[in-house]
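Shown here: upload.cif, mmCIF, C-alpha atoms.
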data_entry
#
loop_
_atom_site.label_atom_id
_atom_site.label_comp_id
_atom_site.auth_asym_id
_atom_site.auth_seq_id
_atom_site.Cartn_x
_atom_site.Cartn_y
_atom_site.Cartn_z
CA MET A 1 121.98 76.13 93.20
CA ILE A 2 123.04 79.62 92.23
CA ASN A 3 121.15 80.34 89.03
CA PRO A 4 117.43 79.53 88.88
CA PRO A 5 116.58 76.93 86.23
CA PHE A 6 113.97 79.32 84.84
CA ASP A 7 113.03 83.01 85.13
CA VAL A 8 109.51 83.06 86.52
CA VAL A 9 109.03 86.76 85.83
CA ALA A 10 110.15 86.45 82.21
CA LEU A 11 107.72 83.56 81.79
CA ALA A 12 104.94 85.76 83.16
CA VAL A 13 105.49 88.76 80.85
CA PRO A 14 103.09 87.51 78.14
CA PHE A 15 100.49 87.00 80.88
CA PHE A 16 101.04 90.57 82.09
CA ILE A 17 100.50 91.96 78.59
CA LEU A 18 97.43 89.84 77.92
CA ALA A 19 95.93 90.74 81.28
CA VAL A 20 96.34 94.49 80.66
CA ILE A 21 94.75 94.10 77.22
CA LEU A 22 91.93 92.06 78.71
CA GLU A 23 91.28 94.63 81.43
CA ILE A 24 91.13 97.44 78.87
CA VAL A 25 88.84 95.52 76.52
CA LEU A 26 86.50 94.42 79.31
CA ALA A 27 86.33 97.99 80.62
CA ARG A 28 85.66 99.28 77.09
CA LEU A 29 82.81 96.79 76.79
CA GLY A 30 81.47 97.87 80.17
CA ARG A 31 82.11 94.46 81.70
CA ALA A 32 84.74 95.59 84.21
CA ARG A 33 85.63 98.68 86.15
CA ALA A 34 88.88 100.30 84.99
CA ASN A 35 90.11 103.73 84.03
CA TYR A 36 93.09 104.26 81.79
CA GLU A 37 94.62 107.60 80.81
CA ALA A 38 96.99 107.25 77.85
CA ARG A 39 99.88 109.33 79.23
CA ASP A 40 99.54 107.73 82.63
CA THR A 41 99.69 104.30 81.02
CA PHE A 42 102.75 105.37 79.04
CA ALA A 43 104.46 106.46 82.25
CA SER A 44 103.67 103.14 83.93
CA LEU A 45 104.92 101.06 81.02
CA GLY A 46 107.98 103.29 80.65
CA MET A 47 108.85 102.84 84.30
CA GLY A 48 108.43 99.09 83.94
CA LEU A 49 110.70 98.96 80.92
CA GLY A 50 113.25 101.30 82.47
CA ARG A 51 113.35 99.23 85.62
CA ASN A 52 114.76 96.30 83.68
CA ILE A 53 117.53 98.49 82.30
CA ALA A 54 118.26 100.21 85.62
CA GLY A 55 118.29 96.84 87.37
CA LEU A 56 121.21 95.73 85.21
CA LEU A 57 123.39 98.44 86.73
CA THR A 58 123.24 96.94 90.21
CA ALA A 59 122.43 93.32 89.37
CA GLY A 60 126.06 92.28 89.63
CA LEU A 61 126.45 93.79 93.08
CA VAL A 62 123.22 92.23 94.35
CA PHE A 63 124.17 88.85 92.90
CA ALA A 64 127.71 88.96 94.27
CA ALA A 65 126.53 89.96 97.74
CA THR A 66 123.95 87.17 97.79
CA ILE A 67 126.53 84.59 96.70
CA TRP A 68 129.00 85.79 99.31
CA VAL A 69 126.46 85.54 102.11
CA TRP A 70 125.27 82.14 100.90
CA LYS A 71 128.82 80.84 100.92
CA HIS A 72 128.97 81.83 104.59
CA ARG A 73 125.58 80.33 105.39
CA ALA A 74 124.63 78.83 108.73
CA PHE A 75 122.61 75.94 107.31
CA THR A 76 121.91 74.35 103.97
CA VAL A 77 118.36 74.11 102.67
CA PRO A 78 118.22 71.54 99.86
CA PHE A 79 116.73 73.08 96.71
CA GLY A 80 114.43 70.11 96.19
CA ALA A 81 113.11 69.83 99.74
CA TRP A 82 109.38 70.59 100.01
CA TRP A 83 109.77 72.01 103.49
CA GLY A 84 112.33 74.43 102.16
CA TRP A 85 109.78 75.86 99.74
CA VAL A 86 107.17 76.14 102.47
CA ALA A 87 109.67 77.91 104.71
CA ILE A 88 110.87 80.34 102.07
CA PHE A 89 107.28 81.13 101.08
CA PHE A 90 106.62 82.49 104.56
CA LEU A 91 110.06 83.96 105.23
CA GLU A 92 110.30 85.74 101.88
CA ASP A 93 106.81 87.16 102.32
CA LEU A 94 107.69 88.37 105.82
CA THR A 95 110.84 89.97 104.40
CA TYR A 96 108.74 91.64 101.73
CA TYR A 97 106.37 93.03 104.34
CA TRP A 98 109.22 94.77 106.20
CA PHE A 99 110.89 95.89 102.99
CA HIS A 100 107.61 97.42 101.90
CA ARG A 101 106.95 99.02 105.27
CA LEU A 102 110.41 100.55 105.35
CA SER A 103 109.87 101.77 101.80
CA HIS A 104 106.91 103.80 103.00
CA GLU A 105 108.00 104.88 106.43
CA ARG A 106 111.58 106.04 105.79
CA ARG A 107 112.15 108.75 103.24
CA VAL A 108 115.34 107.44 101.61
CA TRP A 109 113.56 104.24 100.71
CA TRP A 110 110.31 106.03 99.93
CA ALA A 111 112.31 107.96 97.33
CA ALA A 112 112.89 104.70 95.49
CA HIS A 113 109.35 103.42 95.93
CA VAL A 114 107.21 106.55 95.51
CA ASN A 115 107.08 106.22 91.72
CA HIS A 116 104.99 103.06 92.10
CA HIS A 117 102.34 105.13 93.88
CA SER A 118 102.54 108.21 91.68
CA SER A 119 99.69 107.28 89.35
CA GLN A 120 96.26 108.66 90.12
CA HIS A 121 94.94 105.50 88.51
CA TYR A 122 94.75 101.97 89.79
CA ASN A 123 94.83 99.40 87.04
CA LEU A 124 97.04 96.55 85.90
CA SER A 125 99.46 98.93 84.20
CA THR A 126 100.08 100.52 87.60
CA ALA A 127 101.61 97.22 88.72
CA LEU A 128 104.30 97.69 86.07
CA ARG A 129 105.23 101.18 87.32
CA GLN A 130 108.37 99.94 89.04
CA THR A 131 111.33 101.66 90.63
CA TRP A 132 114.50 102.61 88.77
CA THR A 133 116.46 103.24 91.93
CA GLY A 134 115.75 100.22 94.10
CA GLY A 135 119.27 98.90 93.57
CA ILE A 136 120.80 102.16 94.76
CA ALA A 137 118.46 102.34 97.74
CA GLY A 138 119.90 99.03 98.90
CA THR A 139 116.72 97.44 100.20
CA TRP A 140 117.75 94.25 98.43
CA ALA A 141 120.04 93.68 101.41
CA LEU A 142 116.97 92.76 103.45
CA TRP A 143 116.85 89.44 101.57
CA LEU A 144 120.45 88.53 102.41
CA PRO A 145 119.51 86.85 105.71
CA LEU A 146 117.60 84.27 103.68
CA ALA A 147 120.85 83.35 101.96
CA TRP A 148 122.59 83.22 105.34
CA LEU A 149 119.90 80.83 106.58
CA GLY A 150 120.83 78.55 103.69
CA PHE A 151 118.31 79.23 100.98
CA SER A 152 120.12 79.23 97.67
CA PRO A 153 120.22 82.39 95.54
CA ALA A 154 118.16 80.55 92.93
CA GLN A 155 115.47 79.65 95.43
CA ILE A 156 115.31 83.22 96.72
CA ALA A 157 115.07 84.57 93.17
CA ILE A 158 112.27 82.17 92.29
CA GLN A 159 110.25 83.03 95.39
CA GLN A 160 110.76 86.76 94.78
CA GLY A 161 109.47 86.20 91.24
CA ILE A 162 106.42 84.32 92.50
CA SER A 163 105.66 87.18 94.89
CA LEU A 164 106.03 89.76 92.13
CA ILE A 165 103.72 87.81 89.84
CA TYR A 166 101.17 87.40 92.62
CA GLN A 167 101.17 91.13 93.23
CA PHE A 168 100.42 91.92 89.60
CA TRP A 169 96.81 90.78 89.56
CA ILE A 170 95.83 92.71 92.69
CA HIS A 171 96.37 96.05 90.94
CA THR A 172 92.84 96.29 89.62
CA GLU A 173 89.46 97.80 90.31
CA ALA A 174 87.84 95.14 88.15
CA ILE A 175 87.66 92.72 91.07
CA GLY A 176 85.62 93.75 94.08
CA LYS A 177 86.07 91.44 97.03
CA MET A 178 87.28 87.87 97.04
CA PRO A 179 85.63 85.21 99.25
CA ALA A 180 85.89 86.07 102.94
CA TRP A 181 88.38 83.31 103.77
CA PHE A 182 90.63 84.51 100.97
CA GLU A 183 90.42 88.15 102.12
CA THR A 184 91.37 86.99 105.61
CA VAL A 185 94.57 85.27 104.59
CA PHE A 186 95.74 86.71 101.29
CA ASN A 187 96.49 90.13 99.89
CA THR A 188 93.70 90.99 97.46
CA PRO A 189 92.71 93.75 95.05
CA SER A 190 90.56 95.25 97.82
CA HIS A 191 93.39 95.28 100.37
CA HIS A 192 95.85 96.67 97.88
CA ARG A 193 93.50 99.41 96.68
CA VAL A 194 93.65 100.66 100.26
CA HIS A 195 97.43 100.55 100.10
CA HIS A 196 97.45 102.74 96.98
CA ALA A 197 94.93 105.23 98.36
CA ARG A 198 95.89 108.67 99.62
CA ASN A 199 92.93 109.16 101.95
CA PRO A 200 94.37 109.85 105.42
CA ARG A 201 92.51 106.84 106.82
CA TYR A 202 94.23 104.58 104.31
CA LEU A 203 97.79 105.98 104.40
CA ASP A 204 100.59 103.53 105.21
CA ARG A 205 98.36 100.50 105.48
CA ASN A 206 98.37 96.99 103.98
CA TYR A 207 102.03 96.46 103.16
CA ALA A 208 101.52 92.78 102.38
CA GLY A 209 103.02 90.96 99.44
CA ILE A 210 101.11 87.68 99.22
CA LEU A 211 99.79 87.16 102.76
CA ILE A 212 97.78 89.89 104.48
CA ILE A 213 98.34 88.12 107.80
CA TRP A 214 101.49 90.19 108.42
CA ASP A 215 99.48 93.42 108.42
CA ARG A 216 96.97 91.86 110.78
CA MET A 217 99.81 90.73 113.05
CA PHE A 218 101.76 93.99 113.04
CA GLY A 219 98.81 96.39 113.27
CA THR A 220 98.89 97.91 109.81
CA PHE A 221 95.76 96.29 108.38
CA GLN A 222 92.93 98.47 107.11
CA PRO A 223 89.95 97.02 105.23
CA GLU A 224 88.48 98.85 102.26
CA LEU A 225 85.34 100.61 103.39
CA ALA A 226 82.27 101.08 101.23
CA GLU A 227 81.69 104.54 102.71
CA GLU A 228 85.15 105.80 101.78
CA ALA A 229 86.18 105.33 98.17
CA CYS A 230 89.90 105.16 97.51
CA ARG A 231 91.53 108.24 96.01
CA TYR A 232 94.71 107.03 94.35
CA GLY A 233 98.11 108.63 94.06
CA ILE A 234 100.42 110.32 96.53
CA VAL A 235 99.66 113.02 99.08
CA LYS A 236 101.12 115.61 96.72
CA ASN A 237 100.42 114.35 93.23
CA LEU A 238 102.89 114.97 90.43
CA GLY A 239 102.38 117.76 87.94
CA GLY A 240 102.98 115.65 84.82
CA PHE A 241 104.02 112.37 83.29
CA ASN A 242 107.72 112.97 82.63
CA LEU A 243 109.49 109.69 83.39
CA LEU A 244 112.55 111.38 84.86
CA ARG A 245 110.35 113.34 87.24
CA VAL A 246 108.43 110.20 88.16
CA ALA A 247 111.67 108.31 88.85
CA PHE A 248 113.76 110.93 90.59
CA HIS A 249 111.60 113.70 92.06
CA GLU A 250 111.88 112.56 95.66
CA TRP A 251 115.63 111.99 95.38
CA ILE A 252 116.04 115.55 94.12
CA ALA A 253 113.81 116.84 96.91
CA ILE A 254 116.00 115.05 99.46
CA GLY A 255 119.06 116.64 97.86
CA GLN A 256 117.48 120.09 98.10
CA ASP A 257 116.63 119.55 101.75
CA LEU A 258 120.12 118.28 102.54
CA ALA A 259 121.62 121.34 100.88
CA GLY A 260 119.72 123.48 103.36
CA ALA A 261 120.24 121.25 106.40
CA ARG A 262 121.81 123.02 109.38
CA SER A 263 122.73 120.15 111.67
CA PRO A 264 123.43 116.40 111.67
CA ARG A 265 119.98 115.93 113.21
CA GLU A 266 118.39 117.61 110.23
CA VAL A 267 120.45 115.52 107.82
CA LEU A 268 119.33 112.33 109.55
CA GLY A 269 115.74 113.52 109.67
CA TYR A 270 115.60 114.40 106.00
CA VAL A 271 117.12 111.06 104.98
CA PHE A 272 115.82 108.56 107.51
CA GLY A 273 112.80 110.36 108.92
CA PRO A 274 109.33 109.56 107.64
CA PRO A 275 108.29 111.17 104.35
CA GLY A 276 107.03 114.65 105.17
CA TRP A 277 109.41 115.12 108.11
CA SER A 278 110.77 118.62 108.63
CA PRO A 279 112.77 120.15 111.50
CA ASP A 280 110.03 122.58 112.46
CA GLY A 281 107.11 120.24 111.80
CA SER A 282 105.77 122.52 109.09
CA ARG A 283 105.31 119.60 106.70
CA GLU A 284 102.93 116.73 107.19
CA THR A 285 103.83 113.09 107.69
CA SER A 286 101.30 110.28 107.27
CA GLU A 287 101.00 110.16 111.05
CA VAL A 288 100.17 113.85 111.22
CA LEU A 289 97.67 113.59 108.37
CA ARG A 290 95.96 110.66 110.07
CA ALA A 291 95.85 112.51 113.40
CA GLN A 292 94.34 115.57 111.72
CA TRP A 293 91.73 113.37 110.06
CA GLN A 294 90.89 111.66 113.36
CA ALA A 295 90.53 115.06 115.02
CA ARG A 296 88.12 116.19 112.30
CA VAL A 297 86.10 113.00 112.67
CA ALA A 298 85.99 113.40 116.45
CA GLN A 299 84.95 117.02 116.07
CA ALA A 300 82.21 116.11 113.60
CA GLU A 301 80.91 113.40 115.91
CA ALA A 302 81.02 115.68 118.94
CA GLY A 303 79.35 118.50 117.04
CA PRO A 304 75.73 117.29 117.14
CA GLU A 305 76.07 116.26 120.78
CA THR A 306 77.48 119.64 121.66
CA GLN A 307 74.58 121.30 119.89
CA LYS A 308 72.10 119.10 121.74
CA ALA A 309 73.77 119.92 125.03
CA GLY A 310 73.64 123.58 124.15
CA MET B 1 99.28 102.82 75.44
CA GLY B 2 97.62 103.05 72.02
CA LEU B 3 95.01 100.57 73.14
CA SER B 4 94.30 102.58 76.28
CA ALA B 5 93.94 105.75 74.20
CA TRP B 6 91.65 103.98 71.74
CA ALA B 7 89.50 102.61 74.52
CA LYS B 8 88.77 106.12 75.84
CA LEU B 9 88.75 104.95 79.41
CA ALA B 10 90.00 108.15 80.99
CA ARG B 11 87.83 109.54 83.75
CA PRO B 12 85.38 112.11 82.43
CA LEU B 13 86.64 115.54 83.34
CA PRO B 14 84.14 118.27 82.52
CA PRO B 15 85.20 121.90 83.05
CA LEU B 16 85.35 122.76 86.72
CA THR B 17 82.33 124.34 88.27
CA GLU B 18 82.37 126.19 91.56
CA THR B 19 80.62 123.30 93.28
CA ARG B 20 83.04 120.75 91.90
CA ALA B 21 86.08 122.90 92.67
CA ARG B 22 84.93 123.37 96.25
CA ALA B 23 84.40 119.64 96.59
CA ILE B 24 87.91 118.86 95.33
CA LEU B 25 89.44 121.56 97.49
CA GLY B 26 87.59 120.08 100.44
CA GLU B 27 89.22 116.72 99.76
CA GLU B 28 92.67 118.10 99.08
CA PHE B 29 92.75 120.67 101.87
CA PRO B 30 90.42 119.31 104.54
CA GLY B 31 89.66 121.73 107.31
CA ARG B 32 90.66 124.77 105.27
CA THR B 33 88.06 127.46 104.69
CA VAL B 34 87.72 128.75 101.17
CA GLU B 35 87.11 132.49 101.40
CA SER B 36 87.17 133.27 97.71
CA LEU B 37 87.35 131.09 94.63
CA TRP B 38 88.28 131.79 91.04
CA ILE B 39 87.68 129.19 88.36
CA ALA B 40 90.05 129.21 85.37
CA ALA B 41 88.46 130.45 82.15
CA ASP B 42 89.00 127.09 80.46
CA GLY B 43 87.67 125.17 83.45
CA CYS B 44 90.99 123.34 83.82
CA GLY B 45 91.86 124.67 87.23
CA ALA B 46 90.98 126.97 90.06
CA LEU B 47 92.59 129.16 92.67
CA ALA B 48 91.15 129.79 96.09
CA ARG B 49 92.08 132.03 98.95
CA SER B 50 92.22 130.52 102.39
CA GLY B 51 93.60 132.93 104.95
CA ALA B 52 97.20 133.68 104.08
CA SER B 53 97.33 130.81 101.59
CA ALA B 54 96.37 130.34 97.97
CA LEU B 55 95.02 126.89 97.19
CA VAL B 56 95.73 125.82 93.64
CA LEU B 57 93.97 123.18 91.56
CA CYS B 58 95.37 122.36 88.16
CA GLN B 59 94.29 119.63 85.77
CA VAL B 60 96.86 116.91 85.08
CA GLY B 61 95.67 114.21 82.72
CA ASP B 62 92.26 113.20 83.99
CA GLY B 63 93.04 114.19 87.56
CA TYR B 64 94.12 117.25 89.49
CA LEU B 65 97.26 118.59 91.04
CA ALA B 66 96.71 120.45 94.30
CA ARG B 67 99.18 122.70 96.05
CA SER B 68 99.15 125.66 98.37
CA LEU B 69 101.42 128.67 98.36
CA PRO B 70 101.46 132.02 100.16
CA TRP B 71 98.63 134.24 99.00
CA ALA B 72 100.96 137.20 98.53
CA GLN B 73 103.09 135.08 96.21
CA ALA B 74 100.07 134.05 94.17
CA LEU B 75 98.95 137.64 93.95
CA ALA B 76 102.35 138.73 92.68
CA SER B 77 102.77 135.87 90.21
CA THR B 78 103.41 136.53 86.55
CA PHE B 79 100.29 137.10 84.51
CA ARG B 80 100.79 137.19 80.77
CA ASP B 81 98.62 136.44 77.76
CA GLY B 82 95.71 135.44 79.90
CA GLU B 83 97.74 132.94 81.88
CA LEU B 84 98.72 133.06 85.52
CA ARG B 85 102.04 131.28 86.08
CA LEU B 86 102.49 130.04 89.60
CA ASP B 87 105.84 128.88 90.95
CA LEU B 88 104.98 125.97 93.23
CA ALA B 89 108.58 125.44 94.41
CA ASP B 90 108.15 121.68 94.25
CA VAL B 91 110.25 119.22 92.25
CA GLY B 92 107.21 117.04 91.70
CA ALA B 93 105.18 119.92 90.31
CA PRO B 94 107.32 122.98 89.64
CA ARG B 95 104.65 125.17 88.03
CA ALA B 96 100.94 125.58 87.58
CA ARG B 97 99.34 127.61 84.82
CA LEU B 98 95.82 128.88 85.10
CA ALA B 99 93.84 130.76 82.45
CA PHE B 100 92.22 133.91 83.78
CA ASP B 101 90.84 136.97 82.07
CA THR B 102 92.54 139.24 84.58
CA TRP B 103 94.90 138.95 87.50
CA PRO B 104 94.72 140.01 90.27
CA PRO B 105 91.03 139.31 90.09
CA LEU B 106 88.62 142.18 89.90
CA GLY B 107 87.40 143.09 93.35
CA VAL B 108 90.63 142.24 95.12
CA ALA B 109 91.92 145.38 96.71
CA ALA B 110 95.56 146.36 96.89
CA SER B 111 95.64 144.80 100.33
CA GLY B 112 94.92 141.48 98.73
CA ARG B 113 91.55 141.19 100.47
CA PRO B 114 88.43 140.65 98.36
CA ASP B 115 86.21 143.73 98.35
CA SER B 116 83.24 141.54 98.94
CA SER B 117 82.76 138.06 100.30
CA GLY B 118 81.71 135.17 98.11
CA SER B 119 83.14 133.53 95.06
CA ALA B 120 84.25 135.02 91.82
#
Mind converting the file's structure to structure tokens?
Amino acid sequence: MINPPFDVVALAVPFFILAVILEIVLARLGRARANYEARDTFASLGMGLGRNIAGLLTAGLVFAATIWVWKHRAFTVPFGAWWGWVAIFFLEDLTYYWFHRLSHERRVWWAAHVNHHSSQHYNLSTALRQTWTGGIAGTWALWLPLAWLGFSPAQIAIQQGISLIYQFWIHTEAIGKMPAWFETVFNTPSHHRVHHARNPRYLDRNYAGILIIWDRMFGTFQPELAEEACRYGIVKNLGGFNLLRVAFHEWIAIGQDLAGARSPREVLGYVFGPPGWSPDGSRETSEVLRAQWQARVAQAEAGPETQKAG
Amino acid sequence: MGLSAWAKLARPLPPLTETRARAILGEEFPGRTVESLWIAADGCGALARSGASALVLCQVGDGYLARSLPWAQALASTFRDGELRLDLADVGAPRARLAFDTWPPLGVAASGRPDSSGSA
């Protein structure tokens, strides 16, 4: 099957709208924790709307590439087979984990993803702050192996939609912690708050889509800690709410760096290095920020002992 | 968006005080020592000196933008109509504007060093 029999994301749009309204009303009544800033909300909704338009520009290419790979598939997974749905649930979620990790750890893909993290708020509207440049960034190619394995384009599209819908509800401060067993297996509001936080301790953690088990397996899991509240946004927050700046600022910054690059190594570093990479190390990557934080913690812990010894 | 504006759910953002500004600077620039601090007249931002750097805080929505730039550049920035205009040289935040009564601040000698320690 090439075309899915239904569009799961389109079916979920009314739920998205109602959920945002519900979160705002509950927060207004003091029944839930949520902060909304009008211009920030506008930017998030504008990015969500714009994503649908921008997606049309590359949809044909993505679709054609998926069909081509599927026609050259190694196996055939029947659309109606239950085991096929179980398999794609895990494989698509694993693909998402690596897509998401790449989107944070390599600058060219961070440029497409950064807008999703550019709000200093964390509410359900933040979930809708989607990329305009994901198609250009080409990360969609990471899903092509699923087609090669024999999952139909329709099945892949449906599972991607399910993952996207799942990830909507975790963008909230209204829910504290889920039951322990759920927090162990699934991505939750608590885990994803950490992912959106800019505290050095929390940077580049919890890349999960639906299952948090991937972060636990690959060493990127960080629980939300009561003693360290999440500060949301990006390391260098934006100076406004202009949609074009939200969508393209990192791409322009890459262009500026490339214009001043003096060697192929610098070109590669600016494009494929981690965000914050610079030839002379004068900028700070997440790794550097975390190391600086750990050094401060170690120094603070050693301080009293040193004084006692003295 | 209208609903979110109606609900008035933005974070409360009272004018910056020295204590609050120092706390935010401590979060944004951990490990940096604030030698001198000037709070904007409208309480919507602050500028601090830390060695050869100027640390800038500027209100954006109900949060803050934080950047650093060379102190000499901050000192030489355009000051007009009670507004200091700082070029942050950053696509994500090209400029910051801070309301001050005077600039350079009173007490800062031609060398750029405060005449006395402590905050403005």
| Please, which residues of chain B lie no more than 12 Å from chain A when the count uses all atoms listed in the file, and can they be set out as a VMD selection string? | chain B and resid 1 to 13 24 27 to 32 56 to 68 88 to 97
Print the selection's residues with C-alpha atoms to a file, as a PDB file, in the frame of the given file.
ATOM      1  CA  MET B   1      99.280 102.820  75.440  1.00  0.00           C
ATOM      2  CA  GLY B   2      97.620 103.050  72.020  1.00  0.00           C
ATOM      3  CA  LEU B   3      95.010 100.570  73.140  1.00  0.00           C
ATOM      4  CA  SER B   4      94.300 102.580  76.280  1.00  0.00           C
ATOM      5  CA  ALA B   5      93.940 105.750  74.200  1.00  0.00           C
ATOM      6  CA  TRP B   6      91.650 103.980  71.740  1.00  0.00           C
ATOM      7  CA  ALA B   7      89.500 102.610  74.520  1.00  0.00           C
ATOM      8  CA  LYS B   8      88.770 106.120  75.840  1.00  0.00           C
ATOM      9  CA  LEU B   9      88.750 104.950  79.410  1.00  0.00           C
ATOM     10  CA  ALA B  10      90.000 108.150  80.990  1.00  0.00           C
ATOM     11  CA  ARG B  11      87.830 109.540  83.750  1.00  0.00           C
ATOM     12  CA  PRO B  12      85.380 112.110  82.430  1.00  0.00           C
ATOM     13  CA  LEU B  13      86.640 115.540  83.340  1.00  0.00           C
ATOM     14  CA  ILE B  24      87.910 118.860  95.330  1.00  0.00           C
ATOM     15  CA  GLU B  27      89.220 116.720  99.760  1.00  0.00           C
ATOM     16  CA  GLU B  28      92.670 118.100  99.080  1.00  0.00           C
ATOM     17  CA  PHE B  29      92.750 120.670 101.870  1.00  0.00           C
ATOM     18  CA  PRO B  30      90.420 119.310 104.540  1.00  0.00           C
ATOM     19  CA  GLY B  31      89.660 121.730 107.310  1.00  0.00           C
ATOM     20  CA  ARG B  32      90.660 124.770 105.270  1.00  0.00           C
ATOM     21  CA  VAL B  56      95.730 125.820  93.640  1.00  0.00           C
ATOM     22  CA  LEU B  57      93.970 123.180  91.560  1.00  0.00           C
ATOM     23  CA  CYS B  58      95.370 122.360  88.160  1.00  0.00           C
ATOM     24  CA  GLN B  59      94.290 119.630  85.770  1.00  0.00           C
ATOM     25  CA  VAL B  60      96.860 116.910  85.080  1.00  0.00           C
ATOM     26  CA  GLY B  61      95.670 114.210  82.720  1.00  0.00           C
ATOM     27  CA  ASP B  62      92.260 113.200  83.990  1.00  0.00           C
ATOM     28  CA  GLY B  63      93.040 114.190  87.560  1.00  0.00           C
ATOM     29  CA  TYR B  64      94.120 117.250  89.490  1.00  0.00           C
ATOM     30  CA  LEU B  65      97.260 118.590  91.040  1.00  0.00           C
ATOM     31  CA  ALA B  66      96.710 120.450  94.300  1.00  0.00           C
ATOM     32  CA  ARG B  67      99.180 122.700  96.050  1.00  0.00           C
ATOM     33  CA  SER B  68      99.150 125.660  98.370  1.00  0.00           C
ATOM     34  CA  LEU B  88     104.980 125.970  93.230  1.00  0.00           C
ATOM     35  CA  ALA B  89     108.580 125.440  94.410  1.00  0.00           C
ATOM     36  CA  ASP B  90     108.150 121.680  94.250  1.00  0.00           C
ATOM     37  CA  VAL B  91     110.250 119.220  92.250  1.00  0.00           C
ATOM     38  CA  GLY B  92     107.210 117.040  91.700  1.00  0.00           C
ATOM     39  CA  ALA B  93     105.180 119.920  90.310  1.00  0.00           C
ATOM     40  CA  PRO B  94     107.320 122.980  89.640  1.00  0.00           C
ATOM     41  CA  ARG B  95     104.650 125.170  88.030  1.00  0.00           C
ATOM     42  CA  ALA B  96     100.940 125.580  87.580  1.00  0.00           C
ATOM     43  CA  ARG B  97      99.340 127.610  84.820  1.00  0.00           C
TER      44      ARG B  97
END
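Closest to Cys44 (chain B) among B:Ala74, B:Ala21, B:Leu16, B:Leu84 is B:Leu16, based on all atoms listed in the file.
CA of Pro70 (chain B) is found 23.8 Å from CA of Asp42 (chain B).
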| field | Hits from the PyMOL selection byres ((chain A and resi 267-272) around 10), listed as a PyMOL selection string | value | chain A and resi 102+105-111+251+253-266+273-279
| query | Can you tell me how far CA of Arg201 (chain A) sits from CA of Ser53 (chain B), in Å to one decimal? | reply |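 CA of Arg201 (chain A) sits 25.0 Å away from CA of Ser53 (chain B).
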| message | Taking the file as I've supplied it (selection: the PyMOL selection byres ((chain A and resi 177) around 6)), which residues are included? Please answer as a ChimeraX atom specification. | response | /A:176,178,190
Would you mind listing what lies within 9 Å of Ser163 (chain A) as a PDB file with C-alpha atoms, in the frame of the given file, with only C-alpha atoms counted and same-chain residues fewer than 5 positions away left out?
ATOM      1  CA  PHE A  89     107.280  81.130 101.080  1.00  0.00           C
ATOM      2  CA  GLU A  92     110.300  85.740 101.880  1.00  0.00           C
ATOM      3  CA  ASP A  93     106.810  87.160 102.320  1.00  0.00           C
ATOM      4  CA  TYR A  96     108.740  91.640 101.730  1.00  0.00           C
ATOM      5  CA  ILE A 158     112.270  82.170  92.290  1.00  0.00           C
ATOM      6  CA  PHE A 168     100.420  91.920  89.600  1.00  0.00           C
ATOM      7  CA  GLY A 209     103.020  90.960  99.440  1.00  0.00           C
ATOM      8  CA  ILE A 210     101.110  87.680  99.220  1.00  0.00           C
TER       9      ILE A 210
END
| said: Can you pull out the residues contacting Ile39 (chain B)? Cut-off 12 Å, using only C-alpha atoms, and skip same-chain residues under 2 positions away; I want them as a PyMOL selection string. | reply: chain B and resi 15-22+36-37+41-49+55-59+98-102+105+119-120
| task | Provide the CA of His192 (chain A) to CA of Ala141 (chain A) distance in Å, to one decimal place. | result | 24.6 Å
| Among the residues A:Trp214, A:Val13, A:Gln155, A:Leu56, the one that comes closest to Trp82 (chain A) [using only C-alpha atoms] |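 Nearest candidate to Trp82 (chain A) out of A:Trp214, A:Val13, A:Gln155, A:Leu56: A:Gln155.
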| Near-His191 (chain A) list (8 Å; all atoms listed in the file; drop same-chain fewer than 4 positions) as an MDAnalysis selection string | chainID A and resid 183 187 195 206 222:224
| task | Pick out the residues sitting within 10 Å of Leu164 (chain A), and hand them over as JSON, numbers by chain; count only C-alpha atoms, and ignore anything fewer than 2 positions along from it in its own chain. | result | {"A": [8, 9, 12, 127, 158, 159, 160, 161, 162, 166, 167, 168, 169, 209, 210]}
Each side padded by 6 Å, which centre and which edge lengths in Å (one decimal) define the axis-aligned box around the listed atoms of region 64-69 of chain B? Give them as AutoDock Vina command-line options.
--center_x 97.8 --center_y 123.0 --center_z 93.9 --size_x 19.3 --size_y 23.4 --size_z 20.9
| task | Give as an NGL selection string the residues that the PyMOL selection byres ((chain A and resi 52) around 12) matches when applied to the coordinates above. | result | :A and (9-10 or 45-51 or 53-59 or 128-135)
| field | From A:Gly303, A:Arg290, A:Ala180, A:His72, residue lying nearest Tyr202 (chain A) [all atoms listed in the file] | value |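 Of A:Gly303, A:Arg290, A:Ala180, A:His72, the one nearest Tyr202 (chain A) is A:Arg290, counting all atoms listed in the file.
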